Structure formats: C-alpha cells, structure tokens
Protein chains: 2
Amino acid sequence: MCGIVGVTGVNNVLPYLLKGLEKLEYRGYDSAGVYVSSDKGGDYLVKEKGRVSALEAKAKKETLIGTAGIAHTRWATHGNVSVANAHPQMSADGRFYLVHNGVIENYLELKKQYLEGVHFESETDTEVAVQLVAKFAKDDNLSGIDAFRKMISLLDGNSAYGFLMMDRREPDVLLTAKKKSPLLIGVSDHGNAVTSDAAAMLDLTQDFIELVDGDVALVKPHEVEIFDESGQKVERKPFHLDIDPADTDKGTYPYYMLKEVDEQAVVARNLSAHYFDEEGNVQGIGCGITDSIKEADRLYIVAAGTSYHAGLVGKRYFEQWAGIPTEVHIASEFAYDQPMLSKKPFFIFLSQSGETADSREVLDNIKRQGFPALTIANVMNSTLTREADFALPVLAGPEIAVASTKAYTAQIIVQAILAYALGDVDLDLKAELAKVAVEISAITDDKDCFKKIADEDLKGQKSAFYIGRGLDAAVALEAALKLKEISYIQTEGFAAGELKHGTISLIEDGTPVFALLTQAKTAGLLRGEVAQVAARGANTIVISSKSLAKEGDAYVLPEVNELLMPLLAVIPAQLIAYYATLARGLDVDRPRNLAKSVTVQ
Amino acid sequence: MCGIVGVTGVNNVLPYLLKGLEKLEYRGYDSAGVYVSSDKGGDYLVKEKGRVSALEAKAKKETLIGTAGIAHTRWATHGNVSVANAHPQMSADGRFYLVHNGVIENYLELKKQYLEGVHFESETDTEVAVQLVAKFAKDDNLSGIDAFRKMISLLDGNSAYGFLMMDRREPDVLLTAKKKSPLLIGVSDHGNAVTSDAAAMLDLTQDFIELVDGDVALVKPHEVEIFDESGQKVERKPFHLDIDPADTDKGTYPYYMLKEVDEQAVVARNLSAHYFDEEGNVQGIGCGITDSIKEADRLYIVAAGTSYHAGLVGKRYFEQWAGIPTEVHIASEFAYDQPMLSKKPFFIFLSQSGETADSREVLDNIKRQGFPALTIANVMNSTLTREADFALPVLAGPEIAVASTKAYTAQIIVQAILAYALGDVDLDLKAELAKVAVEISAITDDKDCFKKIADEDLKGQKSAFYIGRGLDAAVALEAALKLKEISYIQTEGFAAGELKHGTISLIEDGTPVFALLTQAKTAGLLRGEVAQVAARGANTIVISSKSLAKEGDAYVLPEVNELLMPLLAVIPAQLIAYYATLARGLDVDRPRNLAKSVTVQ
C-alpha cells in the first residue's frame, strides 16, 4: 500500500520525485525516502520518518544534481515506523537500491535459506529482497536484471508486489516489476518514469504504459524495454490520460475534506446530467449491463470500508426498485471464505480508487468461476474497472482527503440510478436527485450548527455512538466510521435495536449518542431507544427528517424520497466529524496510520 | 423488559414477592417496588432505586403482614431511574396500583386527551395507564376490571404489554392482562400468583397457566377467571413445569458467569448424549424438521446479540455441511425491513430465553406469510419455542449471568448437529464434540493465564479490539461483546481485513488488539494484520491454534476440527472478560443498564 515513483533522463530529478511523493501520500505516509544518482557520477540516499515534507527538508541539503532516482512513501506493514525501515532499502554491499509495495509472505524463510550471516539494517521484507539480488549478482555472477528476476522467482506465489530498483553500476536505468499491484511506466521525449499512480507524474507526462502481472521492465532515459512473465520481450502501447492537474487543488479550503463535503451537491447534479437525458430516461448504462443483471438471480455487492457502507444502502434499491435479491459482502472476508452463491450471481464491486486489493482478489476469484461483474468506481481506468466486464463511473472527481465523503454519496446515487434503470418504479428519480442536490447544499450551508454540535457534544469525549434503524442503521455505520477515523473518538454505529443486547452497558453519564431518524415506520421504536439511553444518562443528539422531527432534536433534515434520505443524513455526520477533528487540532485530511487507497490485503 | 410478580391468598406475601423479584432481576434492575395489602385491612407501597436488596431493606420495616401484593423490578424505558418512576405506579386518588412491562407508544397523546389537570408524580407511561383507570372508574362509574379494560382498549395497536393491577377496594384480587409480553398465572391450593417467569414462583407452585394475547384475568385466592380479547370467559389449562429450583444455584462460585463458563464442557457432553445414539447417529431431531428444511431453498437465521453471533458461526455449518445457502439477520432490523426472501425460505430463530421480543416480532411476521420456522432456544416452553413449528433445546441449563456464555456455545453445537444431520459429511461429529468437551475443560483450567492477560494487558485501558478472519471474525464479534458488556471497556470486533479501511486510525501506543487465529488459509494474512497494528504501537495479543502458533503468542489453543474452533476460541475471551471485570471491582453477573432477557423491542 505504499507509493512508488522513479524518473530517469531529466536534468534535475529531485523535484519530480518529491512532488510525485506528495501526490502519493494518500497511499501511506509513515516514512519516505529517495535514492538519486547522476549519469556524471555520484549518488545519495536520504530517508526520513513522517510526511514527505520532512524528507524534502533533509534531501534539499544534498548538492548533487541527479539525473535519475527512485522514491517511496511508506505505509508500514512489516517493522515499525523508523528511518531504518523506510525505503529505498539498500543491499549490504551498497550496490542495489529497492523500493517496494506489497508483502512478501515468505521473506523469513528466504532470509534463513539464502542470507545467513548477511548484515541487516531493517526489519523489512524489502531488505530481504534487495539483499537477495545482491547475493545472486555476486555469488552467481548475474547481471542486475537477472539477479532481480531470480529474486522474484523465489517469492511465494501469493505475494503481490510492485518493485522499482536501481543498480549503482547503471546509474540511469530503472528496473521494475509488478504483480497484482498498480505500476505504470510514464513515457515522454524528455525522460521516462515509473509510478504507482499516474497523478504523481503528470508534471512529466500524460502518456503511460500499463504493465501486466509478471512483467519486468528496464526504463532508460530514451528507451523502455518490457519482458513478460516468460522472459519474452514484448511491446505494450501507452495510453493518453486526460486529467487536469488543477483538479486536485483544494483552492481556498483549509482542508480537502471540507471541499469534498461541499462538492457533494455538484456531484449529485453532475451524475444526474450524465445518467439522465432531458426526458428523465436513464442513459449511459449500456444494455450489456442491464441485460446481464436481468439474467442474474441474485446480486452480490463486494466492497470494503466506506464503499461497503454505500453497498448496504444500495442493496435496498436493487431489492425494492429492481426486485433482485441482493447481498452485501466485505471484500476481505469474501475473498477467502466465499459464501454459497446462487445459480446465476452477478457481482458489483464498489470502490473509490478502483485499486482496493481485497476487492481485486475477489474479482480474480469470481472471474475464474466465470461470473459477470460490474465495477462502480471513482477512478476509471483503474484495475477494478479494467478487469470487470463492465464499469460505471461515479464522477466524484479526485478525492484527496483520506476520509471518503463525496465518493460515498456518489456511489449511492449510481446504485440508485442503476436499480432504477433495471426496474419499473413509479418515481421521477431525476427530479428527486435534483431535489437531493439542492438539499445537500442547504445542509452544507448549516456548518455553524454542526460546528456547535461538535464543539459542545464531543468536547473531551473518548467514545460515541450512532444509532438508527433500517437505512438509518446503514448510515449510522458510515457516520461512526467518519467520526472515528479522523477524530480518533472510538465511535460505534449500531442498528438501534441491537444496543440493548449488550452494548448499552457502555452508556454512562454524558456519553454522546447520535440518532439518525429518517424512516417513518420505525420512528416510534427509535424514539423509544433514544429514551432508553437517555434514561441511562446518555447525551442524545437526534438528527431527524422534517416530518418526523420533535422538539429538542439537534438538527432537522429537509425531506426527499425516504429511500434517498441516506444522501442527506450522512452530511451532518461528515461535518460533525470534520469539526470535532478540527477542535482537537488534528490533521483532518491525513489521519494517522491510514492510507487513501488500500492496495495491500 | 421489566419483571412482574404478584401473589394472593398466602399468609405472609412479602417474602414470596421479594424472592420472586430476585429471580427476575435478570429482566432489569434499575429500581424495584412492592405494593402489599391485607384482607384484614391496611396496605403499603414501598419503592427504591437500585437492586432488589435495597427494596428488601426498606420493605422489611413495614409491620403489616400482607395476604396479597404485587411487585416489579424495572428496566427503565421512559423516564430516568428514580423512586418516582419505579413501579407500582399509583393513581392520584390512591385507589389503583399498577405494575407494567412494555412500552405504551401513544401515552403522551392519551395523557393530553384524558388527563388534563391530573397531578402526575412520575414521567412514566405506566402512570398514565393507572391514572386512566382511576379516571374511568370515577367519571364513568365503572368497576375496576371494566376501567382496566377500557384503558387497554385505548392503547396503540402496536403496544406490547403485561399489566398487573390491584384495586384498594378488593384487597385480595389481582387484575392482569397481557399482549406480546410474557405473563403466566401460577396456581396452587395455597394461593395463586402472576409472574413474568415461572422461575420466580417455583417456591409457591410448579403449575402455570399460559395467557393468550389479549387475555384479561382476575386472580383471587382460590379462583382464577380468564376472559379472552372479546370479553368471553374462557378456560385455560395449567401445565406442570419440571424444574429443579436448586439448578439455579451458583454453589461455591463467586459469580454465575464463572460457573457457566466452566459448565460449557458438561453442556457439550450433554448435548452429545442427547443428540447422538451410541453409533454416532443423530437422534432427537424429528424428520419433520429435516424434511421441512430439505424442502427449503435458503435458510434465514434470525437472532439478536450473542445469539446473532452464534448464527454467524452456524451459517458455515449449514452451507458447508448441509449445502443450503444461509443468511443471518439481526432480528430488530429484519422485523421492520424484511429483505427479499427466496421462494422457499426456512427460518431458524436462536434465543437463550426464547422470549426475545425482536425475534418474536419476526416470527409473527413470517408466520403470517406462511413460512416454516424452527426455534433453537435454551428455555423450552418459551414463547418462541411454542409459536414456531419446531423447537430444539440447547440444554445449557439456567443461564443467570447477564453475559451469555454457555448458551452461545450450546447454540453453535446444536446448529452443527442439525447441519450434520441434514448433510452427508465425512466426519464423526460425535467424536469431534467429545474432543471439544475435553479441550474446553483444558482451556477453562488455564484460568491463571487469562487472569494474567486481563490484569496485564487490559489494566487501565478504555478501549480494545478483537480481530480475526472467517470464523475467527465471527468469534471476534462475540469476544468483543463479552468484554465490553461487563467491563465497560469499549471493544470492537472486526473482520481483520476491514481494520485498515478506517478504524486502524484508533490504534495508538499500547492499544490492546486481540487476534484470534485458528483458520489455516488466512493465517498468513492475519499475521500480516497483526504486524500492521503492532507497527503502529498496538499491544498485540495473539490467541492461536496449535498448528498455527508462533513464538510470542499469548495463548495456544488445542486443536479440533477447524470449523469447530469457535467453540474453543471463545473461551479465553469469556475468561479474559471475566477477570478484567473483576479487576475493575464491577459486578460480573449484573452489568449496568442491561437485562438478561430482552422482552421489549
């Protein structure tokens, strides 16, 4: 889940590498490092704990102007967060420098078998890999690439990896290899690059070559050579990426998260424009998709984290509007403990990045079983969108804050539109979504109110609860995740009826319990549950929809179609999380320990 | 969810009422109260906050020897925990005394419509009910029973209730009524009784009449008159209950929970003896059950709390051994947001008490839809066992501690046996369960080890995590619930792969993260996740099975069939929860805010 970048053939490589790393920080930011060499001789290795800015301060003291280099931002998997464990990892003889994304499952076995007596600086699996390369180069008298290939051949078959290596003896050549890990080669007239994400290299080029699992490549200043898994030299065509680099700018907002929360109204509007024609008929969903789903007897939504929560809402649309039984599964569980499937399953993958490793594992599995799949993702051209039979964009635009907001609501909207296209519902969804967009704006305009709730009800609190029933229970899970992942207040989301079966014992004087109350048929029961926790001293904060509101409710939501209320109910939770985090003086966009796109399992 | 008891026609009623309340404390113990009258004249009302022992101290100061009385132990739903809100509630004119289980949804409307100007002592819905009775008796000149009936007729149709009332003008008559709330009439030659649970009146009688929803009854010293919903007088036959009152004794154990944890080995053995013949063939499961399930195309397990967690494990048996797709649902959610069902669903209800209101609501719904159902419960003759088409006992014996332990493992075992009976698996389940019983004993013998873990790893902690994959993820949910519900340490159970999608940001230096590691195919991934949280400072405590253990694991479990490992993996979690709670000086058996059997929704 780390970020990798490498450049060769430019005049001064360091700024490219550092800016690239900054763009990759969403993939983890426990530590970072850079190795730079010059085709006129000389090199340096600099590593630092923490954010890229810390590395930058240290690296800028180097006087050598490099022409090639590799760099890495790390999300620790093996070994603590330390300078020694940061990448690039160097072989003991100082010849090879390696950056790596993934986990080498059998690294301890390899270390024991091949590297007895070798001195190790770190606890990483990556150092084992680079020491193996050095050992094979020396003992077997292999070239850099052959030693690199031999190391790869010894990895456990399950290992996913993205490698980028430099050999001191060839200071302008980047060696790279990948399997089940995103890695692109950027090509241009004025230098070539290797990167985990095209966004990190847009300053150099907008043309990229997609590597295939098992590929090994040599990237030189004016040439790229690619060998497939069998060692055969192959040609792979670059594709041109149309991204406006300015899209990723947060403008006048203090944090990306706040910008992205506000953008949700626009995203809803854009989705409406994209997926509906002027008469309100669905467009942009090919009949390949709808026909294939109509042949299915059951839908399986597979996702992780916030996308999983979006799936819990989507299930309702597919069942109620399209009339297709739908299950929602956690990708990391489904991948290794596949439940019994129906006769004709159809899979829907939900992902912001389209790179979620857990979901990719499931996609691989179900493709092998011959089942059809659709990916609904924010980043098109990502692995999940490319490898599924079908893909639909959620058009939320770049989401930079680690805590997902607009991708969540956008995924819900796309699911609603798809279910609507499949069914025959007496509802003008286009008009309803227009209303949703207006009301999202109205809620995001009430920031003062949510700031007040955050300041008053969450001040000094270490734990909190969100409760709801039905669709509100699904939103409660997402609301709780939002609050806990950035403010570090341990928050649990609960189907309100389950609280009394144990967890209610955690309620003490002043415990904040947020209730989401937008579903008419269970409103009375939920009011009862609010009274139950209030009777035990909880500070209850009710967020209700207009027709169900009572005096004393903390916030009253405007009203849209009841099934679409999750799109409104989540907004206060996002903003309460934002302001609670701000009040604690924490970095809203970059919570500790996390990475934006989770590309390890 | 409160406990109700009433007795008439005995020489000294108070000891019966107090002992009865003690047995009912599992239904809630926020406050308690008693109203006693004598057929020779005189009466008193005593109420107190807290446990029954507090009430007892206060009531024993009364000198009147009563011959009839009603009493109540409360689990607060409306209004705070206070003496004023305790039951019995009295009408303003001092004539009627009422105890009540359930929630009157429209009590505010009724108060507004009928009781303008009446002085209220409490915030309870119950006081509204008793004031209504008094008002109708006076204004409409109705008899006690007719006023009682009129009050009931005004309740919101959804209201579940159990009422027990006395009228000062008839000091030896108990008036009672029930709907969707457990209430029994105990009959004997030396006095009659009304009770929420037979166990509370075993000192008086073992013969009980089951009331039907809508019934109203007059219970006199030597006579019982029952009227059905239409007002027609009906005869209902008593049944004889074979319970050994000594069964509920905790013997030399300091707490019931510890006794019940230890009993799990015996329960496993008893279940084996009950459900297998000498050749290892399943017995005691009628072909009515197996035939009905074999006709089904999908199983729906419906449960709440700990039983829901047992269902998550059971799903695996039904899918892997019986080959039937199985879904597990939270009762309180399913009741009001029923998912799309398959063509031929079969329902399995899991419940310790057999009285869980949320599950009863679902059972009512699905019976109306004509679907077959089986209840697997610990208390036979309970509502869920009586109203389902089929019932199987889990034979765990009385479970007194609020935190369920042996009922959980017993429910898992019964599901395993049922799935085994349905399928054709190459496995000697009887022999495997014998091994399970032996190994449970071995683990419960290691108490010192779990006490040490609790003392060292949970001391001063406010939060903790349990993680696992596959079946271990299901057990992690139960393990987390056990720890949090009695120690009040906020503990979350997680499918380990989901942690990195947000919640990992809560991990800080020293956060205890327990990993359950008993499933071979995901052991490597789970080790990776343990390393990930350790790299962020977590104090990782690994509980692994023998063949997957590594140096440094906190506890190594003996090994049985991998699908049965949940029966072993949960034991350390139960004992760690027990000792962590003990170390905090809390009442292990009676955590705050909770009730053993949840008979409100």
# chains A, B, ... in the order shown; residues from 1 in each chain; ligands from 1
>>> select_by_dssp(residues="range 83-264 of chain B", states="helix (DSSP H, G or I)", output="PyMOL selection string")
chain B and resi 107-114+125-139+144-153+198-201+245-248+256-262+264
>>> interface_residues(of="chain B", to="chain A", cutoff="7 Å", atoms="only C-alpha atoms", output="PDB file with C-alpha atoms, in the first residue's frame")
ATOM      1  CA  ALA B  76     -36.090   1.953  32.501  1.00  0.00           C
ATOM      2  CA  THR B  77     -37.634   2.807  29.129  1.00  0.00           C
ATOM      3  CA  HIS B  78     -39.428   6.098  29.746  1.00  0.00           C
ATOM      4  CA  GLY B  79     -38.094   8.438  32.393  1.00  0.00           C
ATOM      5  CA  ASN B  80     -34.945   8.311  34.442  1.00  0.00           C
ATOM      6  CA  VAL B  81     -34.062   5.823  37.106  1.00  0.00           C
ATOM      7  CA  ALA B 304     -30.081 -10.760  18.441  1.00  0.00           C
ATOM      8  CA  GLY B 305     -26.926 -10.060  20.420  1.00  0.00           C
ATOM      9  CA  GLU B 319     -23.585 -24.050   3.962  1.00  0.00           C
ATOM     10  CA  PRO B 325     -27.369 -21.167   1.373  1.00  0.00           C
ATOM     11  CA  SER B 332     -34.717  -5.911  15.173  1.00  0.00           C
ATOM     12  CA  GLU B 333     -33.744  -4.990  11.620  1.00  0.00           C
ATOM     13  CA  ASP B 337     -37.117  -4.021   6.927  1.00  0.00           C
ATOM     14  CA  MET B 340     -36.315 -10.027  -0.286  1.00  0.00           C
ATOM     15  CA  ARG B 469     -10.787 -13.648   9.598  1.00  0.00           C
ATOM     16  CA  GLY B 470     -13.551 -16.001   8.533  1.00  0.00           C
ATOM     17  CA  LEU B 481     -19.290  -8.018  23.095  1.00  0.00           C
ATOM     18  CA  LYS B 484     -17.462  -4.594  26.620  1.00  0.00           C
ATOM     19  CA  GLU B 485     -20.776  -5.537  28.124  1.00  0.00           C
ATOM     20  CA  TYR B 488     -17.313  -1.329  30.019  1.00  0.00           C
ATOM     21  CA  GLN B 490     -15.232  -0.125  24.582  1.00  0.00           C
ATOM     22  CA  GLY B 497      -9.120  -7.058   6.683  1.00  0.00           C
ATOM     23  CA  GLU B 498     -11.538  -4.172   7.346  1.00  0.00           C
ATOM     24  CA  LYS B 500      -7.190  -0.783   7.516  1.00  0.00           C
ATOM     25  CA  HIS B 501     -10.230   0.809   5.863  1.00  0.00           C
ATOM     26  CA  GLY B 502     -10.538   3.377   8.627  1.00  0.00           C
ATOM     27  CA  THR B 503     -10.644   2.028  12.131  1.00  0.00           C
ATOM     28  CA  ILE B 504      -6.889   1.423  12.303  1.00  0.00           C
ATOM     29  CA  SER B 505      -6.528   5.158  12.997  1.00  0.00           C
ATOM     30  CA  LEU B 506      -7.714   4.456  16.546  1.00  0.00           C
ATOM     31  CA  GLY B 528       0.304  -9.518   8.425  1.00  0.00           C
ATOM     32  CA  ALA B 531       2.189  -6.844  12.220  1.00  0.00           C
ATOM     33  CA  GLN B 532       0.421  -3.778  10.787  1.00  0.00           C
ATOM     34  CA  ALA B 535       3.929  -1.359  13.740  1.00  0.00           C
ATOM     35  CA  ARG B 536       1.561   1.383  14.931  1.00  0.00           C
ATOM     36  CA  PRO B 591     -23.625  -5.141  34.342  1.00  0.00           C
ATOM     37  CA  ARG B 592     -25.291  -1.768  34.470  1.00  0.00           C
ATOM     38  CA  ASN B 593     -28.161  -0.864  32.142  1.00  0.00           C
ATOM     39  CA  LEU B 594     -28.708  -4.412  30.956  1.00  0.00           C
ATOM     40  CA  GLN B 601     -38.272  -4.195  21.143  1.00  0.00           C
TER      41      GLN B 601
END
>>> select_by_dssp(residues="range 307-497 of chain A", states="strand (DSSP E)", output="ChimeraX atom specification")
/A:326-330,345-351,373-377,390-393,463-468,490-495
>>> residues_around(residues="range 414-431 of chain A", least_positions_apart="3", cutoff="7 Å", atoms="only C-alpha atoms", output="VMD selection string")
chain A and resid 272 276 280 282 290 314 317 to 318 321 to 322 394 410 to 411 434 to 435
>>> write_last_selection(atoms="N, CA and C atoms", output="mmCIF file, in the first residue's frame")
data_model
loop_
_atom_site.group_PDB
_atom_site.id
_atom_site.type_symbol
_atom_site.label_atom_id
_atom_site.label_comp_id
_atom_site.auth_asym_id
_atom_site.auth_seq_id
_atom_site.Cartn_x
_atom_site.Cartn_y
_atom_site.Cartn_z
ATOM 1 N N SER A 272 -26.573 13.331 -12.311
ATOM 2 C CA SER A 272 -27.888 13.445 -12.923
ATOM 3 C C SER A 272 -27.752 13.814 -14.403
ATOM 4 N N PHE A 276 -28.921 10.881 -16.974
ATOM 5 C CA PHE A 276 -30.310 11.056 -17.427
ATOM 6 C C PHE A 276 -30.352 11.935 -18.672
ATOM 7 N N GLY A 280 -35.675 12.536 -18.609
ATOM 8 C CA GLY A 280 -35.595 11.800 -17.349
ATOM 9 C C GLY A 280 -35.390 10.306 -17.548
ATOM 10 N N VAL A 282 -32.971 7.080 -18.210
ATOM 11 C CA VAL A 282 -31.583 6.756 -17.889
ATOM 12 C C VAL A 282 -30.785 6.579 -19.170
ATOM 13 N N THR A 290 -27.430 -3.927 -18.200
ATOM 14 C CA THR A 290 -28.774 -4.240 -17.707
ATOM 15 C C THR A 290 -29.200 -5.650 -18.130
ATOM 16 N N GLY A 314 -27.259 0.632 -1.115
ATOM 17 C CA GLY A 314 -27.609 0.234 -2.486
ATOM 18 C C GLY A 314 -28.465 -1.024 -2.536
ATOM 19 N N TYR A 317 -32.054 -0.417 -2.924
ATOM 20 C CA TYR A 317 -32.547 -0.010 -4.240
ATOM 21 C C TYR A 317 -32.705 -1.220 -5.151
ATOM 22 N N PHE A 318 -31.689 -2.085 -5.105
ATOM 23 C CA PHE A 318 -31.759 -3.243 -6.005
ATOM 24 C C PHE A 318 -32.929 -4.154 -5.624
ATOM 25 N N TRP A 321 -36.458 -1.498 -5.909
ATOM 26 C CA TRP A 321 -36.764 -0.927 -7.224
ATOM 27 C C TRP A 321 -36.567 -1.933 -8.353
ATOM 28 N N ALA A 322 -35.506 -2.733 -8.248
ATOM 29 C CA ALA A 322 -35.224 -3.657 -9.355
ATOM 30 C C ALA A 322 -35.758 -5.060 -9.060
ATOM 31 N N VAL A 394 -18.410 6.990 -11.025
ATOM 32 C CA VAL A 394 -19.214 7.735 -10.052
ATOM 33 C C VAL A 394 -18.957 9.234 -10.147
ATOM 34 N N ALA A 410 -21.789 9.553 -3.995
ATOM 35 C CA ALA A 410 -21.839 9.310 -5.436
ATOM 36 C C ALA A 410 -22.081 7.823 -5.730
ATOM 37 N N GLN A 411 -21.447 6.941 -4.952
ATOM 38 C CA GLN A 411 -21.678 5.503 -5.155
ATOM 39 C C GLN A 411 -23.135 5.154 -4.887
ATOM 40 N N ALA A 434 -32.455 15.936 -8.282
ATOM 41 C CA ALA A 434 -32.295 17.387 -8.342
ATOM 42 C C ALA A 434 -32.606 17.976 -6.966
ATOM 43 N N LYS A 435 -33.655 17.447 -6.343
ATOM 44 C CA LYS A 435 -34.043 17.891 -5.007
ATOM 45 C C LYS A 435 -32.939 17.544 -4.001
#
>>> atom_distance(atom1="CA of Ala84 in chain B", atom2="CA of Glu123 in chain B")
8.1 Å
>>> residues_around(residues="range 58-63 of chain B", least_positions_apart="2", cutoff="9 Å", atoms="only C-alpha atoms", output="list in words")
Leu14, Gly33, Val34, Tyr44, Leu45, Val46, Lys47, Glu48, Ser53, Ala54, Leu55, Glu56 and Ile65 of chain B
>>> closest_residue(among="A:Tyr114, A:Phe514, A:Tyr555, A:Tyr16", to="Ala538 in chain A", atoms="only C-alpha atoms")
A:Phe514
>>> residues_around(residues="range 138-154 of chain A", least_positions_apart="6", cutoff="10 Å", atoms="only C-alpha atoms", output="PyMOL selection string")
chain A and resi 93+95-96+106-107+110+128-132+161+163+165-170+175-178+214+216-218+229+231
>>> atom_distance(atom1="CA of Val83 in chain A", atom2="CA of Tyr256 in chain A")
28.6 Å
>>> closest_residue(among="A:Ile348, A:Ile366, A:Ile413, A:Ile400", to="Tyr275 in chain A", atoms="only C-alpha atoms")
A:Ile413
>>> atom_distance(atom1="CA of Val570 in chain B", atom2="CA of Lys406 in chain B")
10.4 Å
